[in-house]
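Working notes for the structure below.
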Amino acid sequence: MQTVTTTATAPTLIPLNQLHRSDLNVRKTGGTDVAELAANIRASQRVIQNLVVVPEKRGKKEGYGVVAGGRRLAALASLAKDKAIPTDWPIPCQIVTREEAVELSMAENIHREDMHPADEFDAWAKLVDAGTDVEEIAARHGTSPEVVRRRLALSRVSPKVMKLYRSGDLRLEQVMAFTLTSDHRAQDALLKGRSYYPSAHEIRRALTSEAVPETDERARYVGEKAYVAAGGTVTRDMFDERNGAYFNDAALLTRLAAEKLEKVAEKLRRDAPWVDVYAEELDYQIRGNYADIPTVRQEPNAATAKKLAALQAKLDKATDELRILEDMPPSNDEDADDEAAWMAASEKVDAIEAEISAIEDTLRVPHPEGAQLAGVVVGLSSDGKVKKLLNVIRAADKAKLRKASAGTSASSEAGQEAGDADKDDPQSVRTDLSTYLTAVTQEALAENVPIALRALAYQLALRWIGESYNNHGVTISAEDHANLPVSATLEGSAVEQQGKRRHEAWQDTLPRDAEALWQWCLAADDNTILSLLAYSTARSLAGTQFHAGAQKMAPLVAALGVKLTDHWQPQAGYFARIKKATTLRVLAENGHADPALSKMKRGLLSEKAADLLAGSGWLPPTLTL
């Protein structure tokens, strides 16, 4: 074994302007990020570790070449350039011979072991414990106070978490997730009885299971300032780019929201016979307890009936003419003529449909007893704003009206159903969007073990109470429905990619042999089995609507708390597949009743509709639960 003998001399103080980087320094790349090191030297006014130099000319000028300590030299040069230190500042150096230089440079750069991040976190914590404030530490090390606070938070995790991080069993992102609580017992509890350590996502979810995220409608409505003023506490995720907050006292937040909504309800009670208040989002389950005042269709008189029949015949003929023009390939020579012909035919169809709708609207009148039973429901929208359901009747009153309507003609009910059907999506669109909704719900169900277990128990119980047809989309026949039908909306979407990643993770985890899988299940801990059970239940979900009478998943989606506006935004492809008149009606209902829109071709109108409704929270009928 070859040993390197160095000249054992005391450090020599050499002026900075006599030092330069030597070609004997073996490190040729890196070492350019010196801001933090420069800040540390500036704050301490000293260089802690000697530079290793060799007598060496730079051009004709005598001086010393640095063979070990290139980053320190670069940091000192930057300080001198900024006039933070003089150019002749004395620097402690160890002078060696040229024979020793290369070997020493290699020894410093090759055999040096970087400090483990955990040691760095611990060192910063010791500075604070010794009385140094965060701002001073940040200034000394050329970083921001926020970075210092994050490293301090990492240093405060439980000894067990830190030990697993030092050994490589936990990754940094998992340690970051543990900082959501300072309770070491809660941190350690997540590590007990597991055959694998939880992911960062699982850790965050477990530590915030009793808290309310700032995106919750109650948090948005009440506001952090009012919540804290009432005695509530907030936990912030220091490693979330948005610095996401969690409201720790859900009961207090709900009470504050209810009190604030009661003030809205008090004004409404002056004019309404009753007002129901919900300190939560008015989702499908709540809306299912109420209904709009039903209308009845009056039979038209002879003249009106004759006029409707004539208009319907005109509409059928005009629609056929429009479809022929839409299916006709464009002509290069007569493109302007094609456009004009299509526009004229489209406007004709729209005019006839508008005339029929106007007549039908005059024939529909409120149920005579419905108005007397109508009240108001007050709650929240998903974005934390007050939402009101005006002139609605309670579920208990539906039965009263049903009995009172027993004598209503079948034609009246049929007319109402026809009017509602006209506002629904075409069957092909329902199939596409319901496939997308199924994928979204599968992911939500796989993430929500409590709801997955209840959905499973519900389906099993349905079999022995004789109501198995009412399955909300979940099947328990062990039939796998994860391979969904082709859907233009789902293809390439974020939820599709998320589902693929989850599937691949389980594929990597589970044995492919049946007997091996059974042994794996026997050995797995309860949390792992619960996660697998949730995922398997999610895969059994079959919610694609292939026909008009298909059962919808609304109760399950509502229970999961899925906010579809977080997943789906208005798309041009959607509007291209529905009637132009429907697109115009949707735009008008959302404040975009511009006559110029009706003159656009379907393709341009579809793109315009998507732009106008972006971020509005509007959903197509198939996704409106």
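Quick note on naming: the chains in the structure tokens go A, B, ... in the order shown, residues restart at 1 in each chain, and ligands are numbered from 1 in order of appearance.
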Self-check item: Residues flagged alpha helix (DSSP H) by DSSP in region 185-256 of chain A, as a ChimeraX atom specification
Solution: /A:185-189,200-207,217-222,224-229,250-256
Would you write out those residues with N, CA and C atoms, as a compact mmCIF listing (two decimals), in the first residue's frame?
```txt
# COMPACT_ATOMS: atom_id res chain seq x y z
N ARG A 185 -45.75 9.86 19.04
CA ARG A 185 -46.52 8.62 19.18
C ARG A 185 -47.38 8.39 17.94
N ALA A 186 -47.96 9.46 17.43
CA ALA A 186 -48.77 9.33 16.21
C ALA A 186 -47.90 8.95 15.02
N GLN A 187 -46.69 9.50 14.95
CA GLN A 187 -45.77 9.15 13.87
C GLN A 187 -45.38 7.68 13.95
N ASP A 188 -44.99 7.25 15.15
CA ASP A 188 -44.53 5.86 15.31
C ASP A 188 -45.66 4.85 15.11
N ALA A 189 -46.90 5.26 15.42
CA ALA A 189 -48.04 4.34 15.26
C ALA A 189 -48.22 3.93 13.80
N ALA A 200 -45.67 8.47 1.22
CA ALA A 200 -45.86 9.84 1.69
C ALA A 200 -47.34 10.22 1.64
N HIS A 201 -48.04 9.77 0.58
CA HIS A 201 -49.46 10.07 0.46
C HIS A 201 -50.25 9.42 1.60
N GLU A 202 -49.94 8.15 1.91
CA GLU A 202 -50.65 7.45 2.98
C GLU A 202 -50.38 8.11 4.33
N ILE A 203 -49.15 8.57 4.54
CA ILE A 203 -48.80 9.23 5.80
C ILE A 203 -49.60 10.52 5.96
N ARG A 204 -49.62 11.33 4.91
CA ARG A 204 -50.36 12.60 4.98
C ARG A 204 -51.85 12.35 5.24
N ARG A 205 -52.39 11.35 4.53
CA ARG A 205 -53.81 11.06 4.68
C ARG A 205 -54.13 10.61 6.10
N ALA A 206 -53.26 9.76 6.68
CA ALA A 206 -53.51 9.25 8.04
C ALA A 206 -53.38 10.35 9.09
N LEU A 207 -52.39 11.22 8.93
CA LEU A 207 -52.15 12.25 9.94
C LEU A 207 -53.15 13.41 9.86
N GLU A 217 -65.29 23.06 1.46
CA GLU A 217 -66.22 24.18 1.29
C GLU A 217 -66.44 24.96 2.58
N ARG A 218 -66.41 24.27 3.74
CA ARG A 218 -66.60 24.97 5.02
C ARG A 218 -65.42 25.90 5.31
N ALA A 219 -64.19 25.39 5.04
CA ALA A 219 -63.00 26.20 5.28
C ALA A 219 -62.99 27.44 4.39
N ARG A 220 -63.38 27.25 3.13
CA ARG A 220 -63.41 28.38 2.21
C ARG A 220 -64.48 29.41 2.63
N TYR A 221 -65.59 28.93 3.11
CA TYR A 221 -66.70 29.82 3.48
C TYR A 221 -66.39 30.60 4.76
N VAL A 222 -65.92 29.92 5.78
CA VAL A 222 -65.64 30.57 7.06
C VAL A 222 -64.39 31.43 6.98
N GLU A 224 -59.88 31.30 7.18
CA GLU A 224 -58.92 30.97 8.23
C GLU A 224 -58.92 32.01 9.35
N LYS A 225 -59.06 33.28 8.99
CA LYS A 225 -58.99 34.35 9.99
C LYS A 225 -60.09 34.21 11.03
N ALA A 226 -61.33 33.99 10.58
CA ALA A 226 -62.45 33.85 11.51
C ALA A 226 -62.34 32.58 12.33
N TYR A 227 -61.86 31.51 11.69
CA TYR A 227 -61.71 30.22 12.38
C TYR A 227 -60.69 30.34 13.51
N VAL A 228 -59.54 30.94 13.23
CA VAL A 228 -58.49 31.10 14.25
C VAL A 228 -58.96 32.03 15.36
N ALA A 229 -59.68 33.09 14.99
CA ALA A 229 -60.20 34.02 15.99
C ALA A 229 -61.15 33.33 16.97
N ALA A 250 -62.69 20.17 13.28
CA ALA A 250 -63.78 20.07 12.29
C ALA A 250 -65.11 20.50 12.90
N ALA A 251 -65.34 20.17 14.17
CA ALA A 251 -66.61 20.52 14.81
C ALA A 251 -66.76 22.04 14.92
N LEU A 252 -65.69 22.71 15.28
CA LEU A 252 -65.73 24.18 15.38
C LEU A 252 -65.98 24.79 14.00
N LEU A 253 -65.30 24.28 13.00
CA LEU A 253 -65.46 24.83 11.65
C LEU A 253 -66.90 24.66 11.17
N THR A 254 -67.47 23.49 11.42
CA THR A 254 -68.87 23.24 11.02
C THR A 254 -69.82 24.17 11.75
N ARG A 255 -69.56 24.38 13.04
CA ARG A 255 -70.44 25.28 13.82
C ARG A 255 -70.37 26.71 13.29
N LEU A 256 -69.17 27.17 12.98
CA LEU A 256 -69.02 28.54 12.46
C LEU A 256 -69.72 28.70 11.12
```
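Considering only C-alpha atoms, the residue among A:Ile356, A:Ala514, A:Val47, A:Val67 positioned nearest to Lys306 (chain A) is A:Ile356.
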Practice problem: Write out as a list of chain:residue names which residues come within 9 Å of region 452-454 of chain A when counting only C-alpha atoms, dropping same-chain ones fewer than 5 positions away. | Solution: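 Answer for this query is A:Leu445, A:Ala446, A:Glu447, A:Gln459, A:Leu530, A:Leu533, A:Ala534, A:Tyr535, A:Thr537, A:Ala538.
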Practice problem: For Met176 (chain A), work out the shell of residues within 9 Å, counting only C-alpha atoms and skipping chain neighbours fewer than 3 positions away, then give it as a ChimeraX atom specification. | Solution: /A:150,153-154,171-173,179-180,200,237-239
Keeping N, CA and C atoms, export the residues of the selection given above as a compact mmCIF listing (two decimals), in the first residue's frame.
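Full text of out.txt as output:
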```
# COMPACT_ATOMS: atom_id res chain seq x y z
N ARG A 150 -37.91 24.53 7.34
CA ARG A 150 -38.21 23.20 6.83
C ARG A 150 -37.21 22.17 7.35
N ALA A 153 -37.94 21.42 10.91
CA ALA A 153 -39.10 20.53 11.04
C ALA A 153 -38.69 19.08 10.81
N LEU A 154 -37.82 18.86 9.82
CA LEU A 154 -37.34 17.52 9.55
C LEU A 154 -36.52 16.97 10.72
N ARG A 171 -37.69 7.25 2.67
CA ARG A 171 -37.18 8.29 1.77
C ARG A 171 -37.48 9.67 2.35
N LEU A 172 -36.81 10.67 1.81
CA LEU A 172 -36.98 12.04 2.32
C LEU A 172 -38.43 12.49 2.20
N GLU A 173 -39.12 12.14 1.12
CA GLU A 173 -40.51 12.59 0.95
C GLU A 173 -41.41 12.00 2.03
N THR A 179 -43.82 15.36 9.14
CA THR A 179 -43.76 16.67 9.84
C THR A 179 -45.14 17.30 10.01
N LEU A 180 -46.19 16.71 9.45
CA LEU A 180 -47.53 17.26 9.61
C LEU A 180 -48.00 17.20 11.07
N ALA A 200 -45.67 8.47 1.22
CA ALA A 200 -45.86 9.84 1.69
C ALA A 200 -47.34 10.22 1.64
N ASP A 237 -48.75 22.28 5.82
CA ASP A 237 -47.80 21.36 5.21
C ASP A 237 -46.64 22.18 4.66
N MET A 238 -45.52 22.19 5.38
CA MET A 238 -44.39 23.04 4.99
C MET A 238 -43.79 22.64 3.66
N PHE A 239 -44.07 21.41 3.22
CA PHE A 239 -43.45 20.91 2.01
C PHE A 239 -44.43 20.85 0.84
```
Quiz item: Between CA of Leu390 (chain A) and CA of Phe575 (chain A), what is the distance, to one decimal in Å?
Solution: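 The value is 28.8 Å.
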Quiz item: Within 8 Å of Gly375 (chain A), counting only C-alpha atoms, which residues qualify if same-chain residues fewer than 6 places away don't, as a ChimeraX atom specification?
Solution: /A:272-275,390-393
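The shell of residues at most 12 Å from region 500-508 of chain A, with only C-alpha atoms counted and near chain neighbours (fewer than 6 positions) removed, consists of Ser199, Ala439, Gln442, Glu443, Ala444, Ala446, Glu447, Ala482, Asn483, Glu491, Gly492, Ser493, Ala494, Leu517, Thr528, Ile529, Ser531, Leu532, Leu533, Tyr535, Ser536, Ala538 and Arg539 of chain A.
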Quiz item: So how many Å separate CA of Val52 (chain A) and CA of Ala38 (chain A), to one decimal?
Solution: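 Result for CA of Val52 (chain A) versus CA of Ala38 (chain A): 18.4 Å, one decimal.
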Quiz prompt | Residue nearest Leu363 (chain A) - candidates A:Ala396, A:Val296, A:Ala313, A:Lys60, atoms counted: only C-alpha atoms | solution =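 So, comparing all the options, the nearest one is A:Val296.
Reported to one decimal place, the separation of CA of Ala395 (chain A) from CA of Tyr290 (chain A) is 5.3 Å.
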Can you pull out every residue within 8 Å of Val148 (chain A), counting only C-alpha atoms, but drop anything in the same chain fewer than 3 positions away, and send it as a PDB file with N, CA and C atoms, in the first residue's frame?
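result.pdb, freshly written:
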```pdb
ATOM      1  N   TRP A 124     -28.454  21.917  12.234  1.00  0.00           N
ATOM      2  CA  TRP A 124     -29.221  23.168  12.226  1.00  0.00           C
ATOM      3  C   TRP A 124     -30.069  23.280  13.501  1.00  0.00           C
ATOM      4  N   VAL A 134     -33.572  31.902  13.557  1.00  0.00           N
ATOM      5  CA  VAL A 134     -33.684  31.359  12.201  1.00  0.00           C
ATOM      6  C   VAL A 134     -33.140  32.330  11.160  1.00  0.00           C
ATOM      7  N   ILE A 137     -29.339  32.287  11.082  1.00  0.00           N
ATOM      8  CA  ILE A 137     -28.826  31.065  10.459  1.00  0.00           C
ATOM      9  C   ILE A 137     -28.946  31.152   8.945  1.00  0.00           C
ATOM     10  N   ALA A 138     -30.092  31.644   8.475  1.00  0.00           N
ATOM     11  CA  ALA A 138     -30.306  31.786   7.035  1.00  0.00           C
ATOM     12  C   ALA A 138     -29.269  32.722   6.426  1.00  0.00           C
ATOM     13  N   THR A 143     -29.155  31.182   2.649  1.00  0.00           N
ATOM     14  CA  THR A 143     -30.425  30.578   2.259  1.00  0.00           C
ATOM     15  C   THR A 143     -31.565  31.397   2.847  1.00  0.00           C
ATOM     16  N   SER A 144     -32.797  30.939   2.674  1.00  0.00           N
ATOM     17  CA  SER A 144     -33.953  31.687   3.173  1.00  0.00           C
ATOM     18  C   SER A 144     -34.405  31.136   4.523  1.00  0.00           C
ATOM     19  N   PRO A 145     -35.062  31.964   5.334  1.00  0.00           N
ATOM     20  CA  PRO A 145     -35.592  31.475   6.613  1.00  0.00           C
ATOM     21  C   PRO A 145     -36.559  30.295   6.430  1.00  0.00           C
ATOM     22  N   ARG A 151     -35.938  22.537   7.352  1.00  0.00           N
ATOM     23  CA  ARG A 151     -34.925  21.597   7.842  1.00  0.00           C
ATOM     24  C   ARG A 151     -35.069  21.363   9.336  1.00  0.00           C
ATOM     25  N   LEU A 152     -35.468  22.398  10.053  1.00  0.00           N
ATOM     26  CA  LEU A 152     -35.706  22.220  11.488  1.00  0.00           C
ATOM     27  C   LEU A 152     -36.880  21.283  11.724  1.00  0.00           C
TER      28      LEU A 152
END
```
Quiz item: Nearest to Leu191 (chain A): which of A:Val376, A:Glu280, A:Asp525, A:Ser434 is it, counting only C-alpha atoms?
Solution: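 For Leu191 (chain A), the nearest of the given residues is A:Asp525.
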